[in-house]
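K.L.:
Sharing run-v9.csv below, CSV, C-alpha atoms:
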chain,number,residue,atom,x,y,z
A,1,MET,CA,-12.6,-156.1,-60.9
A,2,LYS,CA,-11.7,-157.0,-64.4
A,3,LYS,CA,-13.6,-153.9,-65.6
A,4,TYR,CA,-11.7,-151.6,-63.3
A,5,PHE,CA,-8.4,-153.1,-64.4
A,6,PHE,CA,-9.4,-152.6,-68.1
A,7,LEU,CA,-10.4,-149.1,-67.2
A,8,PHE,CA,-7.1,-148.4,-65.5
A,9,ILE,CA,-5.2,-149.8,-68.5
A,10,LEU,CA,-7.2,-147.4,-70.8
A,11,PHE,CA,-6.6,-144.6,-68.4
A,12,VAL,CA,-2.9,-145.0,-68.4
A,13,LEU,CA,-2.7,-145.8,-72.1
A,14,SER,CA,-4.6,-142.6,-73.1
A,15,LEU,CA,-2.3,-140.6,-70.9
A,16,ILE,CA,0.9,-142.1,-72.3
A,17,LEU,CA,-0.4,-141.8,-75.8
A,18,VAL,CA,-1.3,-138.1,-75.4
A,19,ILE,CA,1.9,-137.1,-73.5
A,20,ASN,CA,4.5,-139.3,-75.1
A,21,PHE,CA,3.3,-140.4,-78.5
A,22,SER,CA,1.4,-137.3,-79.7
A,23,ASP,CA,4.1,-136.7,-82.3
A,24,VAL,CA,3.8,-140.1,-83.9
A,25,ILE,CA,0.7,-139.5,-85.9
A,26,LYS,CA,0.3,-135.9,-86.8
A,27,LEU,CA,-1.8,-133.9,-89.2
A,28,GLY,CA,-0.5,-130.3,-89.3
A,29,SER,CA,0.5,-129.9,-85.7
A,30,GLY,CA,-2.5,-131.7,-84.4
A,31,SER,CA,-2.5,-135.2,-83.1
A,32,VAL,CA,-5.2,-137.6,-81.8
A,33,ASP,CA,-6.7,-136.4,-78.5
A,34,TRP,CA,-6.7,-139.8,-76.9
A,35,ILE,CA,-8.1,-138.5,-73.6
A,36,LEU,CA,-11.2,-137.0,-75.2
A,37,LEU,CA,-11.6,-140.1,-77.2
A,38,LEU,CA,-11.6,-142.2,-74.1
A,39,ILE,CA,-13.9,-139.9,-72.3
A,40,TYR,CA,-16.3,-139.9,-75.2
A,41,PHE,CA,-16.5,-143.6,-75.6
A,42,LEU,CA,-16.6,-144.3,-71.9
A,43,THR,CA,-19.5,-141.9,-71.4
A,44,ILE,CA,-21.5,-142.8,-74.4
A,45,TYR,CA,-20.9,-146.5,-74.8
A,46,TRP,CA,-20.0,-147.7,-71.3
A,47,ASN,CA,-20.8,-145.9,-68.1
A,48,LYS,CA,-21.3,-142.2,-67.3
A,49,TRP,CA,-19.7,-142.8,-63.9
A,50,TYR,CA,-16.6,-144.2,-65.4
A,51,GLY,CA,-16.6,-141.3,-67.8
A,52,LEU,CA,-17.0,-138.7,-65.0
A,53,ILE,CA,-14.3,-140.2,-62.7
A,54,THR,CA,-11.9,-140.8,-65.6
A,55,ALA,CA,-12.5,-137.3,-66.9
A,56,PHE,CA,-11.7,-135.8,-63.6
A,57,LEU,CA,-8.6,-137.9,-62.9
A,58,LEU,CA,-7.3,-137.6,-66.5
A,59,GLY,CA,-7.7,-133.8,-66.3
A,60,LEU,CA,-5.9,-133.8,-63.0
A,61,PHE,CA,-3.0,-135.9,-64.2
A,62,TYR,CA,-2.8,-134.3,-67.6
A,63,GLY,CA,-2.9,-130.8,-66.1
A,64,ASN,CA,-0.3,-131.6,-63.5
A,65,PHE,CA,1.9,-133.3,-66.0
A,66,MET,CA,1.7,-130.3,-68.3
A,67,SER,CA,2.4,-127.9,-65.4
A,68,LEU,CA,-1.0,-126.4,-66.0
A,69,PRO,CA,-3.6,-125.7,-63.3
A,70,ALA,CA,-4.9,-129.2,-63.1
A,71,GLY,CA,-8.4,-127.9,-62.3
A,72,PHE,CA,-8.7,-126.4,-65.8
A,73,TYR,CA,-8.6,-129.7,-67.6
A,74,SER,CA,-10.6,-131.5,-65.0
A,75,LEU,CA,-13.3,-128.9,-65.2
A,76,MET,CA,-13.4,-128.9,-69.0
A,77,TYR,CA,-13.5,-132.7,-69.2
A,78,ILE,CA,-16.2,-132.9,-66.5
A,79,LEU,CA,-18.3,-130.4,-68.4
A,80,ILE,CA,-17.8,-132.5,-71.5
A,81,VAL,CA,-19.0,-135.6,-69.7
A,82,VAL,CA,-22.1,-133.7,-68.5
A,83,PHE,CA,-22.8,-132.5,-72.0
A,84,LEU,CA,-22.4,-136.1,-73.3
A,85,TYR,CA,-24.7,-137.3,-70.6
A,86,PHE,CA,-27.4,-135.0,-71.9
A,87,VAL,CA,-27.0,-135.8,-75.5
A,88,LYS,CA,-26.3,-139.5,-75.4
A,89,ARG,CA,-29.9,-140.5,-75.6
A,90,ARG,CA,-30.6,-138.3,-78.5
A,91,ILE,CA,-27.9,-139.7,-80.9
A,92,PHE,CA,-27.7,-142.9,-82.8
A,93,LYS,CA,-24.6,-144.1,-81.2
A,94,LYS,CA,-24.2,-147.1,-83.4
A,95,LYS,CA,-24.0,-145.0,-86.5
A,96,TYR,CA,-20.7,-143.5,-87.7
A,97,GLN,CA,-22.4,-140.1,-88.2
A,98,SER,CA,-22.7,-139.8,-84.5
A,99,LEU,CA,-18.9,-139.3,-84.4
A,100,PHE,CA,-19.5,-135.8,-85.7
A,101,LEU,CA,-20.3,-135.1,-82.0
A,102,LEU,CA,-16.8,-136.3,-81.1
A,103,PHE,CA,-15.4,-134.0,-83.7
A,104,MET,CA,-17.4,-131.1,-82.4
A,105,ILE,CA,-16.3,-131.8,-78.8
A,106,VAL,CA,-12.6,-132.0,-79.7
A,107,PHE,CA,-12.9,-128.9,-81.8
A,108,SER,CA,-14.7,-126.9,-79.0
A,109,ALA,CA,-12.3,-128.1,-76.4
A,110,GLY,CA,-9.4,-126.9,-78.6
A,111,ILE,CA,-11.0,-123.5,-79.1
A,112,ILE,CA,-11.6,-123.2,-75.4
A,113,GLU,CA,-8.0,-123.9,-74.7
A,114,LEU,CA,-6.9,-121.4,-77.3
A,115,ALA,CA,-9.2,-118.8,-75.8
A,116,PHE,CA,-7.1,-118.8,-72.6
A,117,LEU,CA,-3.8,-118.2,-74.5
A,118,SER,CA,-4.1,-114.5,-75.0
A,119,LEU,CA,-3.3,-114.9,-78.7
A,120,THR,CA,-3.7,-112.3,-81.4
A,121,ILE,CA,-6.6,-112.9,-83.7
A,122,SER,CA,-4.5,-114.0,-86.6
A,123,THR,CA,-2.5,-116.5,-84.4
A,124,PHE,CA,-5.7,-117.7,-82.9
A,125,PHE,CA,-7.2,-118.6,-86.3
A,126,ARG,CA,-3.8,-120.0,-87.5
A,127,TYR,CA,-3.8,-122.4,-84.5
A,128,ILE,CA,-7.3,-123.4,-85.3
A,129,LEU,CA,-6.3,-124.3,-88.8
A,130,VAL,CA,-3.0,-126.0,-88.1
A,131,SER,CA,-3.8,-127.6,-84.7
A,132,VAL,CA,-7.4,-127.7,-83.5
A,133,LEU,CA,-9.0,-128.7,-86.8
A,134,PRO,CA,-6.5,-131.4,-87.7
A,135,GLU,CA,-6.7,-132.7,-84.1
A,136,SER,CA,-10.5,-132.9,-84.4
A,137,ILE,CA,-10.4,-134.7,-87.7
A,138,LEU,CA,-7.8,-137.2,-86.5
A,139,THR,CA,-9.6,-137.9,-83.3
A,140,ALA,CA,-12.9,-138.4,-85.2
A,141,LEU,CA,-11.2,-140.7,-87.7
A,142,THR,CA,-9.7,-142.7,-84.8
A,143,GLY,CA,-13.2,-142.7,-83.3
A,144,VAL,CA,-14.4,-144.4,-86.5
A,145,VAL,CA,-11.9,-147.2,-85.9
A,146,VAL,CA,-12.8,-147.5,-82.3
A,147,LEU,CA,-16.5,-147.6,-83.1
A,148,PHE,CA,-15.8,-150.3,-85.7
A,149,ILE,CA,-14.1,-152.4,-83.1
A,150,ILE,CA,-16.9,-151.8,-80.6
A,151,LYS,CA,-19.5,-152.8,-83.2
A,152,ILE,CA,-17.6,-156.0,-84.0
A,153,TYR,CA,-17.2,-156.8,-80.3
A,154,THR,CA,-20.8,-156.2,-79.5
A,155,HIS,CA,-22.0,-158.2,-82.5
A,156,GLU,CA,-19.8,-161.1,-81.6
A,157,LYS,CA,-21.0,-160.9,-78.1
B,1,MET,CA,-29.3,-142.2,-59.8
B,2,ASP,CA,-29.1,-139.1,-61.8
B,3,ARG,CA,-29.1,-137.0,-58.7
B,4,LYS,CA,-26.1,-138.8,-57.4
B,5,PHE,CA,-24.4,-138.2,-60.7
B,6,PHE,CA,-25.0,-134.5,-60.5
B,7,ILE,CA,-24.0,-134.3,-56.9
B,8,LEU,CA,-20.7,-136.0,-57.7
B,9,THR,CA,-20.4,-133.8,-60.8
B,10,GLY,CA,-20.9,-130.7,-58.6
B,11,ILE,CA,-18.3,-131.9,-56.1
B,12,LEU,CA,-15.8,-132.5,-58.8
B,13,ILE,CA,-16.5,-129.1,-60.4
B,14,ILE,CA,-16.1,-127.4,-57.1
B,15,PHE,CA,-12.9,-129.3,-56.5
B,16,SER,CA,-11.6,-128.3,-60.0
B,17,LEU,CA,-12.5,-124.7,-59.5
B,18,THR,CA,-10.7,-124.7,-56.1
B,19,MET,CA,-7.6,-126.0,-57.7
B,20,ILE,CA,-7.7,-123.4,-60.3
B,21,ILE,CA,-8.1,-120.6,-57.7
B,22,MET,CA,-5.3,-122.1,-55.7
B,23,ASP,CA,-3.1,-122.1,-58.7
B,24,LEU,CA,-4.0,-118.5,-59.5
B,25,ASN,CA,-3.2,-117.4,-56.0
B,26,ASN,CA,0.2,-119.0,-56.3
B,27,GLU,CA,1.6,-115.6,-57.5
B,28,MET,CA,1.5,-116.9,-61.1
B,29,SER,CA,-0.5,-115.1,-63.7
B,30,ILE,CA,-3.0,-116.9,-65.7
B,31,LEU,CA,-1.0,-116.0,-68.7
B,32,GLU,CA,2.1,-117.8,-67.4
B,33,ASN,CA,0.0,-120.8,-66.4
B,34,PHE,CA,-1.6,-121.2,-69.7
B,35,VAL,CA,0.7,-119.7,-72.2
B,36,LEU,CA,3.9,-121.5,-71.3
B,37,PRO,CA,2.6,-125.0,-71.1
B,38,ARG,CA,0.6,-124.4,-74.3
B,39,TYR,CA,3.8,-123.4,-75.9
B,40,LEU,CA,5.1,-126.8,-75.0
B,41,GLN,CA,2.1,-128.4,-76.6
B,42,PHE,CA,2.4,-126.4,-79.7
B,43,SER,CA,6.1,-126.5,-79.5
B,44,ARG,CA,6.8,-127.3,-83.1
B,45,ILE,CA,4.8,-124.5,-84.6
B,46,ASN,CA,5.8,-122.1,-81.9
B,47,ASP,CA,9.4,-123.0,-82.3
B,48,PHE,CA,9.2,-122.4,-86.0
B,49,PHE,CA,7.5,-119.0,-85.7
B,50,ASP,CA,9.6,-118.0,-82.7
B,51,LYS,CA,12.9,-118.9,-84.4
B,52,ARG,CA,11.7,-117.2,-87.5
B,53,ARG,CA,10.9,-114.0,-85.6
B,54,GLU,CA,14.2,-114.2,-83.7
B,55,MET,CA,16.1,-114.7,-86.9
B,56,LYS,CA,14.3,-111.8,-88.5
B,57,ASP,CA,15.1,-109.5,-85.5
B,58,GLU,CA,18.7,-110.8,-85.6
B,59,VAL,CA,19.0,-110.0,-89.3
B,60,LEU,CA,17.6,-106.5,-88.8
B,61,THR,CA,20.0,-105.9,-85.9
B,62,LEU,CA,22.9,-107.2,-87.9
B,63,LYS,CA,21.9,-105.1,-90.9
B,64,LYS,CA,21.8,-102.1,-88.8
B,65,GLU,CA,25.2,-102.9,-87.3
B,66,ILE,CA,26.6,-103.5,-90.8
B,67,ALA,CA,25.2,-100.1,-92.0
B,68,GLN,CA,26.8,-98.4,-89.0
B,69,LEU,CA,30.1,-100.2,-89.4
B,70,SER,CA,30.1,-99.4,-93.2
B,71,TYR,CA,29.5,-95.7,-92.4
B,72,LYS,CA,32.3,-95.7,-89.9
B,73,GLN,CA,34.6,-97.6,-92.3
B,74,TRP,CA,33.7,-95.0,-95.0
B,75,GLN,CA,34.5,-92.2,-92.6
B,76,TRP,CA,37.7,-93.8,-91.6
B,77,LYS,CA,38.7,-94.3,-95.2
B,78,SER,CA,37.9,-90.7,-96.0
B,79,LEU,CA,39.9,-89.5,-93.1
B,80,LYS,CA,42.8,-91.7,-94.1
B,81,ASN,CA,42.7,-90.5,-97.7
B,82,GLU,CA,42.5,-86.9,-96.5
B,83,ASN,CA,45.4,-87.5,-94.2
B,84,GLU,CA,47.5,-89.1,-96.9
B,85,ARG,CA,46.6,-86.4,-99.3
B,86,LEU,CA,47.6,-83.6,-96.9
B,87,ARG,CA,50.8,-85.5,-96.0
B,88,ALA,CA,51.6,-85.7,-99.7
B,89,ILE,CA,50.9,-82.1,-100.2
B,90,LEU,CA,53.1,-81.1,-97.3
B,91,ASP,CA,55.9,-83.4,-98.3
B,92,PHE,CA,55.7,-82.1,-101.9
B,93,LYS,CA,55.8,-78.5,-100.7
B,94,ASN,CA,58.7,-79.1,-98.4
B,95,GLU,CA,60.7,-80.9,-101.0
B,96,PHE,CA,60.1,-78.6,-103.9
B,97,PRO,CA,63.1,-76.3,-104.4
B,98,GLY,CA,61.1,-73.1,-105.2
B,99,GLU,CA,58.4,-71.3,-103.4
B,100,LEU,CA,54.9,-72.8,-103.8
B,101,VAL,CA,51.4,-71.4,-103.0
B,102,VAL,CA,49.0,-74.2,-102.1
B,103,CYS,CA,45.6,-73.7,-103.7
B,104,GLU,CA,42.4,-75.6,-103.4
B,105,VAL,CA,40.6,-76.2,-106.7
B,106,LEU,CA,37.1,-74.7,-106.3
B,107,ASN,CA,35.2,-75.4,-109.4
B,108,LYS,CA,35.4,-75.8,-113.1
B,109,VAL,CA,34.9,-72.6,-115.1
B,110,PRO,CA,31.6,-73.4,-116.7
B,111,GLN,CA,31.8,-71.5,-120.0
B,112,ALA,CA,35.5,-72.0,-120.8
B,113,VAL,CA,36.1,-73.8,-124.1
B,114,ASN,CA,39.5,-75.0,-122.9
B,115,ARG,CA,39.5,-76.7,-119.6
B,116,SER,CA,39.9,-74.2,-116.8
B,117,PHE,CA,39.4,-74.2,-113.0
B,118,PHE,CA,38.8,-71.6,-110.2
B,119,ILE,CA,41.4,-71.9,-107.5
B,120,SER,CA,41.2,-70.5,-103.9
B,121,ARG,CA,44.1,-68.0,-104.0
B,122,GLY,CA,44.7,-64.7,-105.8
B,123,HIS,CA,46.7,-61.5,-105.6
B,124,GLU,CA,46.7,-61.4,-101.8
B,125,SER,CA,48.8,-64.6,-101.9
B,126,GLY,CA,51.1,-63.1,-104.5
B,127,ILE,CA,49.6,-64.9,-107.5
B,128,GLU,CA,49.9,-63.2,-110.9
B,129,GLU,CA,48.9,-64.0,-114.4
B,130,ASP,CA,51.1,-66.5,-116.3
B,131,ASP,CA,52.3,-68.1,-113.1
B,132,ALA,CA,53.0,-71.8,-113.6
B,133,VAL,CA,50.7,-74.2,-111.8
B,134,ILE,CA,51.7,-77.7,-111.0
B,135,GLY,CA,50.0,-80.7,-109.3
B,136,LEU,CA,51.5,-83.4,-107.1
B,137,LYS,CA,52.5,-85.4,-110.2
B,138,GLY,CA,53.3,-82.9,-112.9
B,139,ILE,CA,52.6,-79.6,-114.5
B,140,PHE,CA,49.0,-78.6,-114.5
B,141,GLY,CA,48.6,-75.3,-116.3
B,142,LYS,CA,49.0,-71.6,-115.9
B,143,ILE,CA,47.1,-68.7,-114.3
B,144,ILE,CA,45.2,-66.8,-117.0
B,145,LYS,CA,43.3,-64.5,-114.7
B,146,ALA,CA,44.2,-63.5,-111.1
B,147,GLY,CA,41.6,-62.0,-108.8
B,148,GLU,CA,42.0,-60.7,-105.2
B,149,ASN,CA,41.0,-64.0,-103.5
B,150,ASN,CA,40.8,-66.5,-106.4
B,151,SER,CA,42.2,-67.1,-109.8
B,152,ILE,CA,41.5,-69.0,-112.9
B,153,VAL,CA,43.9,-71.7,-114.0
B,154,GLN,CA,43.9,-72.9,-117.6
B,155,THR,CA,45.2,-76.5,-117.8
B,156,ILE,CA,47.8,-77.6,-120.3
B,157,ALA,CA,45.1,-79.7,-121.9
B,158,ASN,CA,44.0,-77.0,-124.3
B,159,TYR,CA,44.5,-76.2,-128.0
B,160,ASN,CA,46.5,-73.0,-127.3
B,161,ILE,CA,49.2,-74.7,-125.3
B,162,SER,CA,52.7,-74.8,-126.6
B,163,ILE,CA,55.4,-76.0,-124.1
B,164,SER,CA,59.0,-76.5,-124.8
B,165,ALA,CA,59.8,-80.0,-123.5
B,166,VAL,CA,62.6,-82.5,-123.5
B,167,ASP,CA,63.0,-86.2,-123.1
B,168,ARG,CA,64.7,-86.4,-119.7
B,169,ARG,CA,66.8,-89.4,-120.7
B,170,SER,CA,68.0,-88.4,-124.2
B,171,ARG,CA,67.5,-84.6,-123.9
B,172,GLU,CA,65.8,-84.6,-127.2
B,173,ALA,CA,63.7,-81.4,-127.4
B,174,GLY,CA,60.3,-80.8,-128.9
B,175,ILE,CA,57.1,-78.8,-128.5
B,176,LEU,CA,54.3,-80.2,-126.4
B,177,LYS,CA,50.9,-79.5,-127.9
B,178,TRP,CA,47.4,-80.8,-127.2
B,179,ASP,CA,44.8,-82.1,-129.6
B,180,ARG,CA,42.7,-84.5,-127.5
B,181,ASN,CA,46.0,-86.1,-126.7
B,182,PHE,CA,49.4,-84.6,-125.8
B,183,TYR,CA,51.9,-84.7,-128.7
B,184,LEU,CA,55.6,-84.0,-128.6
B,185,GLU,CA,56.2,-82.4,-132.0
B,186,GLY,CA,59.2,-81.3,-133.9
B,187,LEU,CA,61.3,-84.4,-133.3
B,188,PRO,CA,63.3,-85.7,-136.3
B,189,LEU,CA,62.9,-89.3,-137.4
B,190,TYR,CA,66.3,-90.1,-135.9
B,191,ALA,CA,65.6,-88.7,-132.5
B,192,ASP,CA,66.4,-91.0,-129.6
B,193,ILE,CA,62.9,-91.4,-128.2
B,194,GLN,CA,61.6,-94.5,-126.5
B,195,ILE,CA,58.3,-95.5,-125.1
B,196,GLY,CA,58.3,-95.0,-121.3
B,197,ASP,CA,60.6,-92.0,-121.3
B,198,THR,CA,59.7,-89.2,-119.1
B,199,VAL,CA,59.0,-85.8,-120.7
B,200,VAL,CA,59.9,-82.7,-118.7
B,201,THR,CA,59.9,-78.9,-119.3
B,202,SER,CA,63.0,-77.5,-120.9
B,203,GLY,CA,62.7,-74.1,-119.2
B,204,LYS,CA,63.0,-72.3,-122.5
B,205,GLY,CA,59.5,-70.8,-122.3
B,206,SER,CA,58.5,-67.9,-120.1
B,207,VAL,CA,56.0,-69.8,-117.9
B,208,PHE,CA,57.4,-73.1,-116.8
B,209,SER,CA,60.8,-73.4,-115.2
B,210,ARG,CA,63.2,-76.2,-116.2
B,211,GLY,CA,62.7,-79.9,-115.2
B,212,LEU,CA,59.0,-79.9,-114.3
B,213,ARG,CA,57.5,-83.3,-115.0
B,214,ILE,CA,54.9,-83.5,-117.8
B,215,GLY,CA,54.2,-87.1,-118.6
B,216,ARG,CA,55.4,-90.4,-120.1
B,217,ILE,CA,55.8,-91.3,-123.7
B,218,ILE,CA,53.3,-94.0,-124.6
B,219,SER,CA,53.5,-94.1,-128.4
B,220,VAL,CA,56.2,-93.3,-131.0
B,221,ASP,CA,55.3,-93.3,-134.6
B,222,LYS,CA,56.1,-91.6,-137.9
B,223,GLU,CA,54.1,-88.6,-139.0
B,224,LYS,CA,52.1,-88.9,-142.2
B,225,SER,CA,54.7,-86.6,-143.9
B,226,ASP,CA,57.4,-89.1,-143.0
B,227,TYR,CA,59.7,-86.1,-141.9
B,228,SER,CA,59.2,-86.3,-138.2
B,229,LEU,CA,58.1,-88.5,-135.3
B,230,ARG,CA,54.6,-88.6,-133.9
B,231,VAL,CA,55.1,-89.0,-130.1
B,232,ILE,CA,52.1,-89.3,-127.8
B,233,VAL,CA,52.6,-88.3,-124.2
B,234,GLU,CA,50.4,-89.4,-121.3
B,235,PRO,CA,50.3,-86.6,-118.7
B,236,PHE,CA,51.1,-87.4,-115.1
B,237,GLU,CA,48.6,-85.0,-113.8
B,238,ASN,CA,44.8,-85.5,-113.5
B,239,PHE,CA,43.0,-82.7,-115.3
B,240,ARG,CA,39.5,-84.0,-114.8
B,241,ASN,CA,39.0,-83.8,-111.1
B,242,PRO,CA,41.8,-82.0,-109.4
B,243,GLU,CA,41.6,-81.1,-105.7
B,244,VAL,CA,44.8,-79.2,-104.9
B,245,VAL,CA,47.3,-77.5,-107.1
B,246,PHE,CA,50.4,-75.4,-106.4
B,247,VAL,CA,51.3,-72.1,-107.9
B,248,ILE,CA,55.1,-71.6,-108.4
B,249,LYS,CA,56.4,-68.2,-107.2
What does this structure look like when you write it as structure tokens?

P.N.:
Amino acid sequence: MKKYFFLFILFVLSLILVINFSDVIKLGSGSVDWILLLIYFLTIYWNKWYGLITAFLLGLFYGNFMSLPAGFYSLMYILIVVFLYFVKRRIFKKKYQSLFLLFMIVFSAGIIELAFLSLTISTFFRYILVSVLPESILTALTGVVVLFIIKIYTHEK
Amino acid sequence: MDRKFFILTGILIIFSLTMIIMDLNNEMSILENFVLPRYLQFSRINDFFDKRREMKDEVLTLKKEIAQLSYKQWQWKSLKNENERLRAILDFKNEFPGELVVCEVLNKVPQAVNRSFFISRGHESGIEEDDAVIGLKGIFGKIIKAGENNSIVQTIANYNISISAVDRRSREAGILKWDRNFYLEGLPLYADIQIGDTVVTSGKGSVFSRGLRIGRIISVDKEKSDYSLRVIVEPFENFRNPEVVFVIK
């Protein structure tokens, strides 16, 4: 029960951070993607079921909140969880280098989102530079901090 | 275990796809669904570029409007000037005691040593050689050649000119000549001449009748010989770019 409560807190926290506090820490016009960060760490370090359910629900909420087709984000996050499920055994998850995967996931997700925007080529690449790339870097850097905390926690444990 | 995971994944994927399809069937294009919210997400950068684009368009529109208004203003000013000029010509013609023939100045005579102009009237309007020509402000010159439909006017700004003129205030008489400036010659040292006095024709010559305005005295000095005054007169009339002149009949 305690785990679910903690998961619920993380769930709500990530949503609030993404929707309300994305402007607080910014690099270019990109901010930390707390949802993907949560999905990544849940799936890789905790439980794939939690990752899957959280991805679906977060996609649903996030999409609804943003007046987007909720299914789009749910589908994307679910596919990311499936991808993580396949690669989690092949990475050294205790090493910081593994966070390159997080970087790639955020970057790919950003590009997929941009691909649906009917942008011109120049605008597409501009958004990659000013939004997607900074977002990926910031998320990966935040992942370093989270991994550091996880390592301390597991070590103490 | 894995099988359950994939079954659940499949169910969730189907559920997500169903929601997407439902949304797409909701009479909203995918563009509107994705673009507008993404604009919210990228609001800052989009706002910046949108505002910049809007401002650019606005500036272009305003520039176009300014150009149009400037052109209209220019047209309006031209019409106003034309109107004022024609009114002045009409008033002048009505108020002048003698008979006048209004002539448009066509062009400068290209090879004339002394400044001369073609005008738009000739014999058919009764214009003859040696007729006096005046402008709105003062005397202009005389007809040196009259054709059927046009004539040549030689201005008073030439070396051959010699006009009998008087100071309108003191009636001191002299001869007006031109040598890059207009000089009133033949005035003794004691003559009552003051700067600002108006010089008019005396009527003693054969061309210009009495009382036609010539110019204003701007300088009074002694000649080098010390026997007479050196008086410089600034003409009222513009000899450089005249538009309309009047031939006195």

K.L.:
Rounded to one decimal, what separation in Å do you get between atom CA of Phe148 of chain A and atom CA of Tyr96 of chain A?

P.N.:
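Value for the atom CA of Phe148 of chain A-atom CA of Tyr96 of chain A distance: 8.6 Å.
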
K.L.:
Might you pull out every residue within 8 Å of Gly71 of chain A, with only C-alpha atoms counted and same-chain residues fewer than 4 positions away left off, and present them as JSON, numbers by chain?

P.N.:
{"A": [59, 60, 63, 75], "B": [15, 16, 17, 18, 19, 20]}

K.L.:
Measure the distance from atom CA of Met76 of chain A to atom CA of Val130 of chain A in Å and round it to one decimal.

P.N.:
21.9 Å

K.L.:
I want to know what sits within 12 Å of Asn158 of chain B, based on all atoms listed in the file, with residues of the same chain fewer than 5 positions away left out; could you give that as a list in words?

P.N.:
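My reading of the contact set: Ala112, Val113, Asn114, Arg115, Ser116, Phe140, Gly141, Lys142, Val153, Ile163, Leu176, Lys177, Trp178, Asp179, Arg180, Asn181, Phe182, Tyr183 and Phe239 of chain B.
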
K.L.:
Quick one: distance from atom CA of Ile89 of chain B to atom CA of Ile127 of chain B in Å, one decimal?

P.N.:
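Atom-to-atom, atom CA of Ile89 of chain B and atom CA of Ile127 of chain B are spaced 18.7 Å apart.
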
K.L.:
Do a neighbour search on segment 91-94 of chain B at 10 Å with all atoms listed in the file, toss out local chain neighbours closer than 5 positions, and write the hits as number ranges by chain.

P.N.:
B: 85-86, 99-102, 135-137, 246

K.L.:
Taking all atoms listed in the file into account, find every residue of chain A that has an atom no more than 10 Å from chain B, and write it out as a ChimeraX atom specification.

P.N.:
/A:19,22-23,28-30,48-49,52-53,55-57,59-60,63,65-79,81-82,85,113-114,116-119,127,130-131

K.L.:
Please provide the set of residues having any atom within 12 Å of Gln154 of chain B, restricted to only C-alpha atoms, with same-chain residues fewer than 5 positions apart removed, written as a PyMOL selection string.

P.N.:
chain B and resi 105+108-109+112-119+129-134+139-146+159-161+239+245

K.L.:
I need the residue nearest Leu184 of chain B from this list: B:Lys51, B:Arg87, B:Arg216, B:Lys77. Use all atoms listed in the file for the distance.

P.N.:
B:Arg216

K.L.:
Which is closest to Ile91 of chain A among A:Val12, A:Ile44, A:Val146, A:Met1, if we use only C-alpha atoms?

P.N.:
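Of A:Val12, A:Ile44, A:Val146, A:Met1, the one nearest Ile91 of chain A is A:Ile44, counting only C-alpha atoms.
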